[in-house]
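> Pasting upload.cif here (mmCIF, C-alpha atoms):
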```
data_protein
loop_
_atom_site.group_PDB
_atom_site.id
_atom_site.type_symbol
_atom_site.label_atom_id
_atom_site.label_comp_id
_atom_site.auth_asym_id
_atom_site.auth_seq_id
_atom_site.Cartn_x
_atom_site.Cartn_y
_atom_site.Cartn_z
ATOM 1 C CA MET A 16 -49.797 -9.606 -35.798
ATOM 2 C CA ARG A 17 -49.096 -5.871 -36.123
ATOM 3 C CA PHE A 18 -46.273 -3.550 -35.096
ATOM 4 C CA SER A 19 -47.382 -1.953 -31.854
ATOM 5 C CA PRO A 20 -46.627 1.674 -30.831
ATOM 6 C CA ASP A 21 -44.002 0.657 -28.250
ATOM 7 C CA ARG A 22 -42.159 -1.446 -30.833
ATOM 8 C CA LEU A 23 -42.647 1.382 -33.286
ATOM 9 C CA THR A 24 -40.380 3.789 -31.404
ATOM 10 C CA GLY A 25 -37.786 1.158 -30.644
ATOM 11 C CA GLY A 26 -36.326 3.345 -27.912
ATOM 12 C CA ASP A 27 -35.618 6.148 -30.415
ATOM 13 C CA ALA A 28 -36.797 9.360 -28.771
ATOM 14 C CA ALA A 29 -36.747 11.236 -32.070
ATOM 15 C CA LEU A 30 -39.401 8.874 -33.414
ATOM 16 C CA ALA A 31 -41.487 8.597 -30.276
ATOM 17 C CA HIS A 32 -44.311 10.654 -31.752
ATOM 18 C CA ALA A 33 -44.323 9.030 -35.170
ATOM 19 C CA PRO A 34 -47.793 8.001 -36.357
ATOM 20 C CA ALA A 35 -48.436 4.311 -35.855
ATOM 21 C CA LEU A 36 -49.412 2.834 -39.198
ATOM 22 C CA ARG A 37 -50.869 -0.618 -38.801
ATOM 23 C CA GLU A 38 -49.020 -2.585 -41.450
ATOM 24 C CA ALA A 39 -48.522 -6.305 -41.735
ATOM 25 C CA PRO A 40 -44.974 -7.250 -40.650
ATOM 26 C CA LEU A 41 -44.104 -8.783 -44.032
ATOM 27 C CA ARG A 42 -45.181 -5.585 -45.760
ATOM 28 C CA VAL A 43 -42.983 -3.536 -43.440
ATOM 29 C CA LEU A 44 -40.016 -5.815 -44.095
ATOM 30 C CA TRP A 45 -40.587 -5.657 -47.850
ATOM 31 C CA ARG A 46 -40.497 -1.859 -47.678
ATOM 32 C CA LEU A 47 -37.579 -1.727 -45.250
ATOM 33 C CA TYR A 48 -35.442 -4.012 -47.408
ATOM 34 C CA ARG A 49 -36.682 -2.290 -50.621
ATOM 35 C CA VAL A 50 -36.834 -5.631 -52.386
ATOM 36 C CA GLY A 51 -38.420 -4.202 -55.504
ATOM 37 C CA ASP A 52 -35.526 -1.766 -55.954
ATOM 38 C CA TRP A 53 -32.819 -4.402 -56.372
ATOM 39 C CA LEU A 54 -34.472 -7.566 -57.712
ATOM 40 C CA HIS A 55 -33.292 -6.665 -61.210
ATOM 41 C CA PHE A 56 -29.678 -6.686 -59.975
ATOM 42 C CA LEU A 57 -29.745 -10.356 -58.936
ATOM 43 C CA PRO A 58 -28.565 -11.691 -62.327
ATOM 44 C CA LEU A 59 -25.286 -9.748 -61.973
ATOM 45 C CA PRO A 60 -23.300 -12.641 -60.413
ATOM 46 C CA LEU A 61 -23.889 -14.558 -63.650
ATOM 47 C CA VAL A 62 -21.167 -12.441 -65.288
ATOM 48 C CA GLY A 63 -18.372 -13.622 -63.015
ATOM 49 C CA TRP A 64 -19.793 -17.129 -62.728
ATOM 50 C CA ILE A 65 -19.843 -17.772 -66.482
ATOM 51 C CA ALA A 66 -16.638 -15.854 -67.194
ATOM 52 C CA GLU A 67 -14.783 -17.944 -64.598
ATOM 53 C CA GLY A 68 -15.774 -21.120 -66.401
ATOM 54 C CA SER A 69 -16.313 -23.450 -63.420
ATOM 55 C CA ARG A 70 -20.134 -23.321 -63.740
ATOM 56 C CA GLU A 71 -20.625 -24.651 -60.200
ATOM 57 C CA PRO A 72 -24.392 -24.377 -59.430
ATOM 58 C CA LEU A 73 -23.851 -24.010 -55.682
ATOM 59 C CA ALA A 74 -21.564 -21.021 -56.251
ATOM 60 C CA LEU A 75 -24.189 -19.289 -58.385
ATOM 61 C CA ALA A 76 -27.026 -19.983 -55.950
ATOM 62 C CA GLY A 77 -24.941 -18.875 -52.987
ATOM 63 C CA GLY A 78 -23.731 -15.768 -54.800
ATOM 64 C CA VAL A 79 -27.250 -14.677 -55.735
ATOM 65 C CA LEU A 80 -28.500 -15.312 -52.191
ATOM 66 C CA ALA A 81 -25.568 -13.408 -50.690
ATOM 67 C CA LEU A 82 -26.218 -10.508 -53.049
ATOM 68 C CA ALA A 83 -29.894 -10.389 -52.060
ATOM 69 C CA PHE A 84 -28.903 -10.287 -48.388
ATOM 70 C CA SER A 85 -26.270 -7.611 -49.105
ATOM 71 C CA PHE A 86 -28.724 -5.306 -50.855
ATOM 72 C CA ALA A 87 -31.328 -5.895 -48.142
ATOM 73 C CA TYR A 88 -28.735 -4.807 -45.584
ATOM 74 C CA ALA A 89 -27.834 -1.711 -47.605
ATOM 75 C CA SER A 90 -31.514 -0.789 -47.983
ATOM 76 C CA ALA A 91 -32.425 -1.251 -44.316
ATOM 77 C CA LEU A 92 -29.466 0.803 -43.152
ATOM 78 C CA ASN A 93 -30.220 3.534 -45.674
ATOM 79 C CA HIS A 94 -33.834 3.729 -44.510
ATOM 80 C CA ALA A 95 -32.741 3.809 -40.872
ATOM 81 C CA PHE A 96 -30.594 6.902 -41.360
ATOM 82 C CA ASP A 97 -32.771 8.596 -43.998
ATOM 83 C CA HIS A 98 -36.009 8.847 -42.030
ATOM 84 C CA ALA A 99 -35.635 12.609 -41.484
ATOM 85 C CA VAL A 100 -34.818 13.231 -45.140
ATOM 86 C CA ASP A 101 -37.791 11.151 -46.303
ATOM 87 C CA ALA A 102 -40.279 12.683 -43.850
ATOM 88 C CA ARG A 103 -41.638 15.022 -46.559
ATOM 89 C CA SER A 104 -42.682 12.055 -48.696
ATOM 90 C CA PRO A 105 -45.273 9.898 -46.874
ATOM 91 C CA GLY A 106 -44.966 6.216 -47.647
ATOM 92 C CA LYS A 107 -41.418 6.445 -48.906
ATOM 93 C CA ASN A 108 -39.733 5.179 -45.738
ATOM 94 C CA PRO A 109 -41.233 2.831 -43.142
ATOM 95 C CA VAL A 110 -38.819 4.153 -40.502
ATOM 96 C CA GLY A 111 -40.615 6.815 -38.513
ATOM 97 C CA THR A 112 -44.057 5.531 -39.416
ATOM 98 C CA SER A 113 -44.128 1.753 -39.052
ATOM 99 C CA LEU A 114 -41.019 1.173 -36.946
ATOM 100 C CA GLY A 115 -38.235 3.152 -35.311
ATOM 101 C CA ARG A 116 -34.610 3.578 -36.222
ATOM 102 C CA GLY A 117 -33.424 1.127 -33.558
ATOM 103 C CA PRO A 118 -35.533 -1.775 -34.839
ATOM 104 C CA ALA A 119 -34.585 -0.900 -38.407
ATOM 105 C CA ILE A 120 -30.884 -1.147 -37.581
ATOM 106 C CA ALA A 121 -31.521 -4.371 -35.679
ATOM 107 C CA LEU A 122 -33.333 -5.821 -38.691
ATOM 108 C CA SER A 123 -30.329 -5.020 -40.876
ATOM 109 C CA LEU A 124 -28.103 -7.339 -38.842
ATOM 110 C CA PRO A 125 -29.652 -10.730 -39.761
ATOM 111 C CA VAL A 126 -29.280 -10.023 -43.485
ATOM 112 C CA LEU A 127 -25.722 -8.792 -42.904
ATOM 113 C CA VAL A 128 -24.897 -12.114 -41.254
ATOM 114 C CA GLY A 129 -26.819 -13.934 -43.986
ATOM 115 C CA ALA A 130 -24.720 -12.321 -46.721
ATOM 116 C CA LEU A 131 -21.463 -13.362 -45.062
ATOM 117 C CA ALA A 132 -22.719 -16.857 -44.211
ATOM 118 C CA ALA A 133 -23.981 -17.550 -47.749
ATOM 119 C CA THR A 134 -20.680 -16.365 -49.206
ATOM 120 C CA LEU A 135 -18.523 -18.424 -46.866
ATOM 121 C CA ALA A 136 -20.664 -21.515 -47.358
ATOM 122 C CA ALA A 137 -21.059 -21.439 -51.137
ATOM 123 C CA VAL A 138 -18.309 -19.312 -52.671
ATOM 124 C CA PRO A 139 -15.639 -18.294 -50.113
ATOM 125 C CA GLY A 140 -13.524 -16.779 -52.874
ATOM 126 C CA ALA A 141 -16.140 -14.023 -53.186
ATOM 127 C CA LEU A 142 -15.665 -12.855 -49.601
ATOM 128 C CA LEU A 143 -13.708 -9.770 -50.711
ATOM 129 C CA PRO A 144 -16.363 -8.367 -53.090
ATOM 130 C CA CYS A 145 -19.031 -9.164 -50.501
ATOM 131 C CA ALA A 146 -17.056 -7.338 -47.806
ATOM 132 C CA ILE A 147 -16.572 -4.341 -50.114
ATOM 133 C CA VAL A 148 -20.317 -4.088 -50.759
ATOM 134 C CA LEU A 149 -21.188 -4.372 -47.060
ATOM 135 C CA ALA A 150 -18.533 -1.863 -45.989
ATOM 136 C CA ALA A 151 -19.480 0.630 -48.705
ATOM 137 C CA SER A 152 -23.163 0.261 -47.793
ATOM 138 C CA THR A 153 -22.343 1.043 -44.167
ATOM 139 C CA VAL A 154 -20.284 4.199 -44.706
ATOM 140 C CA TYR A 155 -22.689 5.370 -47.402
ATOM 141 C CA SER A 156 -25.704 5.530 -45.070
ATOM 142 C CA ALA A 157 -24.349 5.491 -41.496
ATOM 143 C CA PRO A 158 -21.695 7.890 -40.165
ATOM 144 C CA PRO A 159 -19.531 9.135 -41.846
ATOM 145 C CA ARG A 160 -22.522 9.047 -44.227
ATOM 146 C CA LEU A 161 -20.725 9.536 -47.530
ATOM 147 C CA LYS A 162 -24.009 9.992 -49.366
ATOM 148 C CA ARG A 163 -24.096 13.557 -48.037
ATOM 149 C CA LEU A 164 -21.038 14.462 -50.128
ATOM 150 C CA PRO A 165 -21.736 15.428 -53.754
ATOM 151 C CA VAL A 166 -20.082 13.173 -56.357
ATOM 152 C CA ILE A 167 -18.416 11.079 -53.620
ATOM 153 C CA GLY A 168 -21.808 9.790 -52.518
ATOM 154 C CA ALA A 169 -22.781 8.963 -56.086
ATOM 155 C CA ALA A 170 -19.432 7.290 -56.687
ATOM 156 C CA CYS A 171 -19.826 5.255 -53.486
ATOM 157 C CA ASN A 172 -22.760 3.534 -55.175
ATOM 158 C CA LEU A 173 -20.291 2.003 -57.598
ATOM 159 C CA ALA A 174 -18.566 0.256 -54.689
ATOM 160 C CA ILE A 175 -21.963 -1.104 -53.664
ATOM 161 C CA GLY A 176 -23.000 -2.251 -57.126
ATOM 162 C CA VAL A 177 -19.998 -3.237 -59.256
ATOM 163 C CA PRO A 178 -18.585 -5.960 -56.935
ATOM 164 C CA ALA A 179 -21.898 -7.790 -57.385
ATOM 165 C CA LEU A 180 -20.492 -9.042 -60.697
ATOM 166 C CA PHE A 181 -18.029 -11.178 -58.727
ATOM 167 C CA TYR A 182 -20.296 -12.736 -56.086
ATOM 168 C CA ALA A 183 -20.383 -16.153 -57.774
ATOM 169 C CA GLY A 184 -16.950 -16.428 -59.339
ATOM 170 C CA GLN A 185 -13.492 -14.890 -59.610
ATOM 171 C CA PRO A 186 -12.790 -14.653 -63.333
ATOM 172 C CA ASP A 187 -9.633 -13.311 -64.912
ATOM 173 C CA TRP A 188 -9.852 -9.501 -64.853
ATOM 174 C CA ALA A 189 -8.076 -9.458 -68.234
ATOM 175 C CA SER A 190 -11.139 -11.090 -69.821
ATOM 176 C CA PRO A 191 -12.824 -8.675 -72.283
ATOM 177 C CA VAL A 192 -16.241 -9.806 -71.015
ATOM 178 C CA VAL A 193 -15.378 -8.898 -67.429
ATOM 179 C CA GLN A 194 -13.732 -5.590 -68.311
ATOM 180 C CA SER A 195 -16.510 -4.455 -70.619
ATOM 181 C CA PHE A 196 -19.352 -5.451 -68.277
ATOM 182 C CA ALA A 197 -17.712 -3.822 -65.260
ATOM 183 C CA ALA A 198 -17.035 -0.577 -67.126
ATOM 184 C CA LEU A 199 -20.440 -0.376 -68.800
ATOM 185 C CA PHE A 200 -22.300 -1.257 -65.608
ATOM 186 C CA SER A 201 -20.371 1.470 -63.757
ATOM 187 C CA VAL A 202 -21.558 4.119 -66.209
ATOM 188 C CA LEU A 203 -25.140 2.835 -66.199
ATOM 189 C CA LEU A 204 -25.225 2.758 -62.398
ATOM 190 C CA PHE A 205 -23.714 6.221 -62.011
ATOM 191 C CA VAL A 206 -26.294 7.715 -64.371
ATOM 192 C CA SER A 207 -29.081 5.930 -62.475
ATOM 193 C CA GLN A 208 -27.800 7.416 -59.222
ATOM 194 C CA LEU A 209 -27.777 10.916 -60.705
ATOM 195 C CA LEU A 210 -31.400 10.455 -61.789
ATOM 196 C CA HIS A 211 -32.240 9.247 -58.284
ATOM 197 C CA GLU A 212 -30.650 12.357 -56.780
ATOM 198 C CA ALA A 213 -32.509 14.578 -59.250
ATOM 199 C CA ALA A 214 -35.836 13.001 -58.260
ATOM 200 C CA ASP A 215 -35.042 13.430 -54.538
ATOM 201 C CA ARG A 216 -33.628 16.935 -54.880
ATOM 202 C CA ASP A 217 -36.434 18.716 -52.969
ATOM 203 C CA ASP A 218 -36.387 16.264 -50.045
ATOM 204 C CA ASP A 219 -32.592 16.379 -49.841
ATOM 205 C CA ALA A 220 -32.493 20.173 -49.991
ATOM 206 C CA ALA A 221 -35.132 20.505 -47.259
ATOM 207 C CA ALA A 222 -33.110 18.181 -45.010
ATOM 208 C CA GLY A 223 -29.824 19.951 -45.741
ATOM 209 C CA VAL A 224 -28.341 16.962 -47.590
ATOM 210 C CA ALA A 225 -25.840 17.927 -50.279
ATOM 211 C CA THR A 226 -26.020 15.929 -53.508
ATOM 212 C CA VAL A 227 -25.106 16.595 -57.107
ATOM 213 C CA ALA A 228 -28.724 17.632 -57.698
ATOM 214 C CA THR A 229 -28.869 20.063 -54.758
ATOM 215 C CA TRP A 230 -25.529 21.412 -55.912
ATOM 216 C CA LEU A 231 -26.185 21.768 -59.661
ATOM 217 C CA GLY A 232 -29.983 21.744 -59.781
ATOM 218 C CA VAL A 233 -32.311 19.209 -61.379
ATOM 219 C CA ARG A 234 -31.920 20.377 -64.971
ATOM 220 C CA ALA A 235 -28.114 20.423 -64.886
ATOM 221 C CA THR A 236 -28.028 17.009 -63.193
ATOM 222 C CA VAL A 237 -30.199 15.470 -65.907
ATOM 223 C CA LEU A 238 -28.004 17.069 -68.572
ATOM 224 C CA ALA A 239 -24.918 15.703 -66.793
ATOM 225 C CA SER A 240 -26.514 12.260 -66.968
ATOM 226 C CA ALA A 241 -26.977 12.696 -70.705
ATOM 227 C CA ALA A 242 -23.365 13.835 -71.080
ATOM 228 C CA LEU A 243 -22.106 10.589 -69.525
ATOM 229 C CA LEU A 244 -23.985 8.295 -71.894
ATOM 230 C CA PRO A 245 -21.632 8.615 -74.911
ATOM 231 C CA ALA A 246 -19.077 6.786 -72.759
ATOM 232 C CA LEU A 247 -21.109 3.596 -73.276
ATOM 233 C CA PRO A 248 -20.394 2.992 -76.986
ATOM 234 C CA LEU A 249 -16.818 4.240 -76.538
ATOM 235 C CA LEU A 250 -16.172 1.740 -73.743
ATOM 236 C CA ALA A 251 -17.933 -1.045 -75.634
ATOM 237 C CA PHE A 252 -15.716 -0.434 -78.656
ATOM 238 C CA ALA A 253 -12.539 -0.195 -76.581
ATOM 239 C CA LEU A 254 -13.070 -3.144 -74.231
ATOM 240 C CA SER A 255 -15.162 -5.724 -76.070
ATOM 241 C CA SER A 256 -13.509 -8.628 -77.824
ATOM 242 C CA GLU A 257 -13.153 -8.363 -81.579
ATOM 243 C CA ALA A 258 -15.977 -10.836 -82.166
ATOM 244 C CA GLN A 259 -18.477 -8.877 -80.054
ATOM 245 C CA ARG A 260 -17.226 -5.317 -80.674
ATOM 246 C CA THR A 261 -19.615 -4.362 -83.462
ATOM 247 C CA ALA A 262 -22.778 -5.633 -81.798
ATOM 248 C CA ALA A 263 -21.877 -4.277 -78.347
ATOM 249 C CA THR A 264 -20.987 -0.856 -79.722
ATOM 250 C CA LEU A 265 -24.194 -0.699 -81.754
ATOM 251 C CA PHE A 266 -26.411 -1.688 -78.805
ATOM 252 C CA CYS A 267 -24.744 0.880 -76.549
ATOM 253 C CA ALA A 268 -24.931 3.619 -79.179
ATOM 254 C CA LEU A 269 -28.667 3.045 -79.676
ATOM 255 C CA PHE A 270 -29.302 3.048 -75.925
ATOM 256 C CA ALA A 271 -27.184 6.160 -75.317
ATOM 257 C CA GLY A 272 -28.655 8.072 -78.245
ATOM 258 C CA ALA A 273 -32.243 7.342 -77.251
ATOM 259 C CA TRP A 274 -31.753 8.397 -73.646
ATOM 260 C CA MET A 275 -29.754 11.490 -74.546
ATOM 261 C CA LEU A 276 -32.743 12.630 -76.609
ATOM 262 C CA VAL A 277 -35.134 11.889 -73.724
ATOM 263 C CA PHE A 278 -32.990 13.772 -71.202
ATOM 264 C CA ALA A 279 -32.419 16.709 -73.537
ATOM 265 C CA ALA A 280 -36.140 17.001 -74.291
ATOM 266 C CA GLY A 281 -37.026 16.890 -70.607
ATOM 267 C CA SER A 282 -34.421 19.476 -69.658
ATOM 268 C CA ARG A 283 -34.898 22.035 -72.379
ATOM 269 C CA ALA A 284 -35.249 25.670 -71.306
ATOM 270 C CA GLY A 285 -38.461 26.447 -69.481
ATOM 271 C CA ARG A 286 -39.344 22.859 -68.659
ATOM 272 C CA GLU A 287 -38.284 21.624 -65.248
ATOM 273 C CA LEU A 288 -38.902 17.933 -64.644
ATOM 274 C CA ARG A 289 -41.117 17.197 -61.645
ATOM 275 C CA PRO A 290 -40.053 14.575 -59.061
ATOM 276 C CA GLU A 291 -42.777 12.120 -60.047
ATOM 277 C CA ARG A 292 -41.785 12.421 -63.698
ATOM 278 C CA LEU A 293 -38.137 11.863 -62.811
ATOM 279 C CA ARG A 294 -38.999 8.761 -60.800
ATOM 280 C CA PHE A 295 -40.886 7.387 -63.793
ATOM 281 C CA LEU A 296 -37.934 8.139 -66.080
ATOM 282 C CA ARG A 297 -35.548 6.447 -63.660
ATOM 283 C CA LEU A 298 -37.685 3.305 -63.646
ATOM 284 C CA ALA A 299 -37.854 3.336 -67.445
ATOM 285 C CA TYR A 300 -34.092 3.882 -67.610
ATOM 286 C CA ARG A 301 -33.511 1.041 -65.156
ATOM 287 C CA TYR A 302 -35.481 -1.514 -67.131
ATOM 288 C CA THR A 303 -34.199 -0.453 -70.538
ATOM 289 C CA ALA A 304 -30.692 -0.748 -69.076
ATOM 290 C CA LEU A 305 -31.621 -4.294 -68.037
ATOM 291 C CA VAL A 306 -32.629 -5.019 -71.641
ATOM 292 C CA LEU A 307 -29.331 -3.515 -72.822
ATOM 293 C CA GLY A 308 -27.450 -5.801 -70.432
ATOM 294 C CA LEU A 309 -29.321 -8.813 -71.781
ATOM 295 C CA CYS A 310 -28.468 -7.836 -75.368
ATOM 296 C CA LEU A 311 -24.816 -7.364 -74.446
ATOM 297 C CA TRP A 312 -24.763 -10.731 -72.720
ATOM 298 C CA ILE A 313 -26.237 -12.465 -75.753
ATOM 299 C CA ALA A 314 -23.638 -10.756 -77.941
ATOM 300 C CA ALA A 315 -20.837 -11.822 -75.591
ATOM 301 C CA THR A 316 -21.871 -15.473 -75.406
#
```
Could you write out this structure as structure tokens?

Amino acid sequence: MRFSPDRLTGGDAALAHAPALREAPLRVLWRLYRVGDWLHFLPLPLVGWIAEGSREPLALAGGVLALAFSFAYASALNHAFDHAVDARSPGKNPVGTSLGRGPAIALSLPVLVGALAATLAAVPGALLPCAIVLAASTVYSAPPRLKRLPVIGAACNLAIGVPALFYAGQPDWASPVVQSFAALFSVLLFVSQLLHEAADRDDDAAAGVATVATWLGVRATVLASAALLPALPLLAFALSSEAQRTAATLFCALFAGAWMLVFAAGSRAGRELRPERLRFLRLAYRYTALVLGLCLWIAAT
């Protein structure tokens, strides 16, 4: 089975002349839902689940499933409304090449329902964080399309990512583990978003999309990312419990120092980072941040 040209346009006149790439349906869905971009986020509900103390397996399984559906929804909707922006980068977005905007939006609906159903069935107390993620994902990509507003768009990503910590449990917000993980994850996610905007600066500028990177330029955006990193050890010291404070602060200081050096070296005068280099750095940052999170979790438990 392949996506045919008539299904490709999906009734979207703007995509009627898009080239028909013959891709297997599962491959198209994998790209539409951007599964590889958020798989590393799926352990996030563990924070709330363990901090709450109930340790109910069904709640954890349901929370992880709901989070996967939520991020699939966010990704499909983002692709649906970003096809014009991504047109300069072949292979980046299946919308406009392998299917139209209408089908892409339609394919976002089953995972939207799946996120709500999994939450209600397994952990109804997490309905609020789930609703926040789904609502933020909608206004981020679809009209009013907050992603087009510098800083506000980047900050909107926090409303999509941070509530994921509470998909499998509702722990006491006063818990040092919850406070420190939420604060540290917010900084890590914001820096990741700035790197993403720096890598996409040319595409966004060509499409008239305003981001921090189109506003400040690539070099200044990377330097701004570096300037945010010292907040990590400061927050770890301020919010961690006394037993974990030393280890958490040390881990965060090492991470922040290493990446500040990388960003400073890449942004020094006369050396502008290319998009492909920035995408590589963002991937490296993402996975080293995952290692940092694991170290912090070990220190906290």
> Once the PyMOL selection byres ((chain A and resi 154-166) around 6) is applied to the coordinates I shared, what remains selected? I want it as a ChimeraX atom specification.
/A:93,151-153,167-170,224-227
> Return as lines of an AutoDock Vina configuration file the centre and edge lengths, in Å with one decimal, of the box along x, y and z that encloses every atom of segment 269-275 of chain A in the file, padded by 8 Å per side.

```
center_x = -29.7
center_y = 7.3
center_z = -76.7
size_x = 21.1
size_y = 24.4
size_z = 22.0
```
> Would you list the contacts of Ala87 of chain A as a PDB file with C-alpha atoms, keeping the file's coordinate frame, taking every protein, DNA or RNA residue within 12 Å and counting only C-alpha atoms, but skipping same-chain residues closer than 3 positions in sequence?

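Now in selection_7.pdb:
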```
ATOM      1  CA  LEU A  44     -40.016  -5.815 -44.095  1.00  0.00           C
ATOM      2  CA  TRP A  45     -40.587  -5.657 -47.850  1.00  0.00           C
ATOM      3  CA  ARG A  46     -40.497  -1.859 -47.678  1.00  0.00           C
ATOM      4  CA  LEU A  47     -37.579  -1.727 -45.250  1.00  0.00           C
ATOM      5  CA  TYR A  48     -35.442  -4.012 -47.408  1.00  0.00           C
ATOM      6  CA  ARG A  49     -36.682  -2.290 -50.621  1.00  0.00           C
ATOM      7  CA  VAL A  50     -36.834  -5.631 -52.386  1.00  0.00           C
ATOM      8  CA  GLY A  51     -38.420  -4.202 -55.504  1.00  0.00           C
ATOM      9  CA  ASP A  52     -35.526  -1.766 -55.954  1.00  0.00           C
ATOM     10  CA  TRP A  53     -32.819  -4.402 -56.372  1.00  0.00           C
ATOM     11  CA  LEU A  54     -34.472  -7.566 -57.712  1.00  0.00           C
ATOM     12  CA  PHE A  56     -29.678  -6.686 -59.975  1.00  0.00           C
ATOM     13  CA  LEU A  57     -29.745 -10.356 -58.936  1.00  0.00           C
ATOM     14  CA  LEU A  80     -28.500 -15.312 -52.191  1.00  0.00           C
ATOM     15  CA  ALA A  81     -25.568 -13.408 -50.690  1.00  0.00           C
ATOM     16  CA  LEU A  82     -26.218 -10.508 -53.049  1.00  0.00           C
ATOM     17  CA  ALA A  83     -29.894 -10.389 -52.060  1.00  0.00           C
ATOM     18  CA  PHE A  84     -28.903 -10.287 -48.388  1.00  0.00           C
ATOM     19  CA  SER A  90     -31.514  -0.789 -47.983  1.00  0.00           C
ATOM     20  CA  ALA A  91     -32.425  -1.251 -44.316  1.00  0.00           C
ATOM     21  CA  LEU A  92     -29.466   0.803 -43.152  1.00  0.00           C
ATOM     22  CA  ASN A  93     -30.220   3.534 -45.674  1.00  0.00           C
ATOM     23  CA  HIS A  94     -33.834   3.729 -44.510  1.00  0.00           C
ATOM     24  CA  ALA A 119     -34.585  -0.900 -38.407  1.00  0.00           C
ATOM     25  CA  ILE A 120     -30.884  -1.147 -37.581  1.00  0.00           C
ATOM     26  CA  LEU A 122     -33.333  -5.821 -38.691  1.00  0.00           C
ATOM     27  CA  SER A 123     -30.329  -5.020 -40.876  1.00  0.00           C
ATOM     28  CA  LEU A 124     -28.103  -7.339 -38.842  1.00  0.00           C
ATOM     29  CA  PRO A 125     -29.652 -10.730 -39.761  1.00  0.00           C
ATOM     30  CA  VAL A 126     -29.280 -10.023 -43.485  1.00  0.00           C
ATOM     31  CA  LEU A 127     -25.722  -8.792 -42.904  1.00  0.00           C
ATOM     32  CA  VAL A 128     -24.897 -12.114 -41.254  1.00  0.00           C
ATOM     33  CA  GLY A 129     -26.819 -13.934 -43.986  1.00  0.00           C
ATOM     34  CA  ALA A 130     -24.720 -12.321 -46.721  1.00  0.00           C
ATOM     35  CA  VAL A 148     -20.317  -4.088 -50.759  1.00  0.00           C
ATOM     36  CA  LEU A 149     -21.188  -4.372 -47.060  1.00  0.00           C
ATOM     37  CA  SER A 152     -23.163   0.261 -47.793  1.00  0.00           C
ATOM     38  CA  ILE A 175     -21.963  -1.104 -53.664  1.00  0.00           C
TER      39      ILE A 175
END
```
> Nearest to Gly223 of chain A among A:Gly78, A:Val277, A:Val100, A:Leu243, with distances taken over all atoms listed in the file: which residue is it?
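The closest residue to Gly223 of chain A is A:Val100.
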> So what does the PyMOL selection byres ((chain A and resi 183-185) around 6) actually pick up in this one, as number ranges by chain?
A: 60, 63-64, 67, 74-75, 78, 181-182, 186
> May I have the residues from that selection written out with C-alpha atoms, as a compact mmCIF listing (two decimals), in the coordinates of the input?

```txt
# COMPACT_ATOMS: atom_id res chain seq x y z
CA PRO A 60 -23.30 -12.64 -60.41
CA GLY A 63 -18.37 -13.62 -63.02
CA TRP A 64 -19.79 -17.13 -62.73
CA GLU A 67 -14.78 -17.94 -64.60
CA ALA A 74 -21.56 -21.02 -56.25
CA LEU A 75 -24.19 -19.29 -58.38
CA GLY A 78 -23.73 -15.77 -54.80
CA PHE A 181 -18.03 -11.18 -58.73
CA TYR A 182 -20.30 -12.74 -56.09
CA PRO A 186 -12.79 -14.65 -63.33
```
> For the atom pair atom CA of Glu212 of chain A and atom CA of Val177 of chain A, what is the interatomic distance in Å to one decimal place?
19.0 Å
> With distances taken over all atoms listed in the file, which residue among A:Ser256, A:Arg301, A:Phe270, A:Ala132 lies nearest Phe205 of chain A?
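Selected residue with least distance to Phe205 of chain A: A:Arg301.
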> Care to translate the PyMOL selection byres ((chain A and resi 312) around 12) into actual residues of this file, as a PDB file with C-alpha atoms, in the frame of the given file?

```pdb
ATOM      1  CA  PRO A  58     -28.565 -11.691 -62.327  1.00  0.00           C
ATOM      2  CA  LEU A  59     -25.286  -9.748 -61.973  1.00  0.00           C
ATOM      3  CA  LEU A  61     -23.889 -14.558 -63.650  1.00  0.00           C
ATOM      4  CA  VAL A  62     -21.167 -12.441 -65.288  1.00  0.00           C
ATOM      5  CA  GLY A  63     -18.372 -13.622 -63.015  1.00  0.00           C
ATOM      6  CA  ILE A  65     -19.843 -17.772 -66.482  1.00  0.00           C
ATOM      7  CA  ALA A  66     -16.638 -15.854 -67.194  1.00  0.00           C
ATOM      8  CA  VAL A 192     -16.241  -9.806 -71.015  1.00  0.00           C
ATOM      9  CA  VAL A 193     -15.378  -8.898 -67.429  1.00  0.00           C
ATOM     10  CA  SER A 195     -16.510  -4.455 -70.619  1.00  0.00           C
ATOM     11  CA  PHE A 196     -19.352  -5.451 -68.277  1.00  0.00           C
ATOM     12  CA  LEU A 199     -20.440  -0.376 -68.800  1.00  0.00           C
ATOM     13  CA  SER A 255     -15.162  -5.724 -76.070  1.00  0.00           C
ATOM     14  CA  GLN A 259     -18.477  -8.877 -80.054  1.00  0.00           C
ATOM     15  CA  ALA A 262     -22.778  -5.633 -81.798  1.00  0.00           C
ATOM     16  CA  ALA A 263     -21.877  -4.277 -78.347  1.00  0.00           C
ATOM     17  CA  PHE A 266     -26.411  -1.688 -78.805  1.00  0.00           C
ATOM     18  CA  LEU A 305     -31.621  -4.294 -68.037  1.00  0.00           C
ATOM     19  CA  VAL A 306     -32.629  -5.019 -71.641  1.00  0.00           C
ATOM     20  CA  LEU A 307     -29.331  -3.515 -72.822  1.00  0.00           C
ATOM     21  CA  GLY A 308     -27.450  -5.801 -70.432  1.00  0.00           C
ATOM     22  CA  LEU A 309     -29.321  -8.813 -71.781  1.00  0.00           C
ATOM     23  CA  CYS A 310     -28.468  -7.836 -75.368  1.00  0.00           C
ATOM     24  CA  LEU A 311     -24.816  -7.364 -74.446  1.00  0.00           C
ATOM     25  CA  ILE A 313     -26.237 -12.465 -75.753  1.00  0.00           C
ATOM     26  CA  ALA A 314     -23.638 -10.756 -77.941  1.00  0.00           C
ATOM     27  CA  ALA A 315     -20.837 -11.822 -75.591  1.00  0.00           C
ATOM     28  CA  THR A 316     -21.871 -15.473 -75.406  1.00  0.00           C
TER      29      THR A 316
END
```
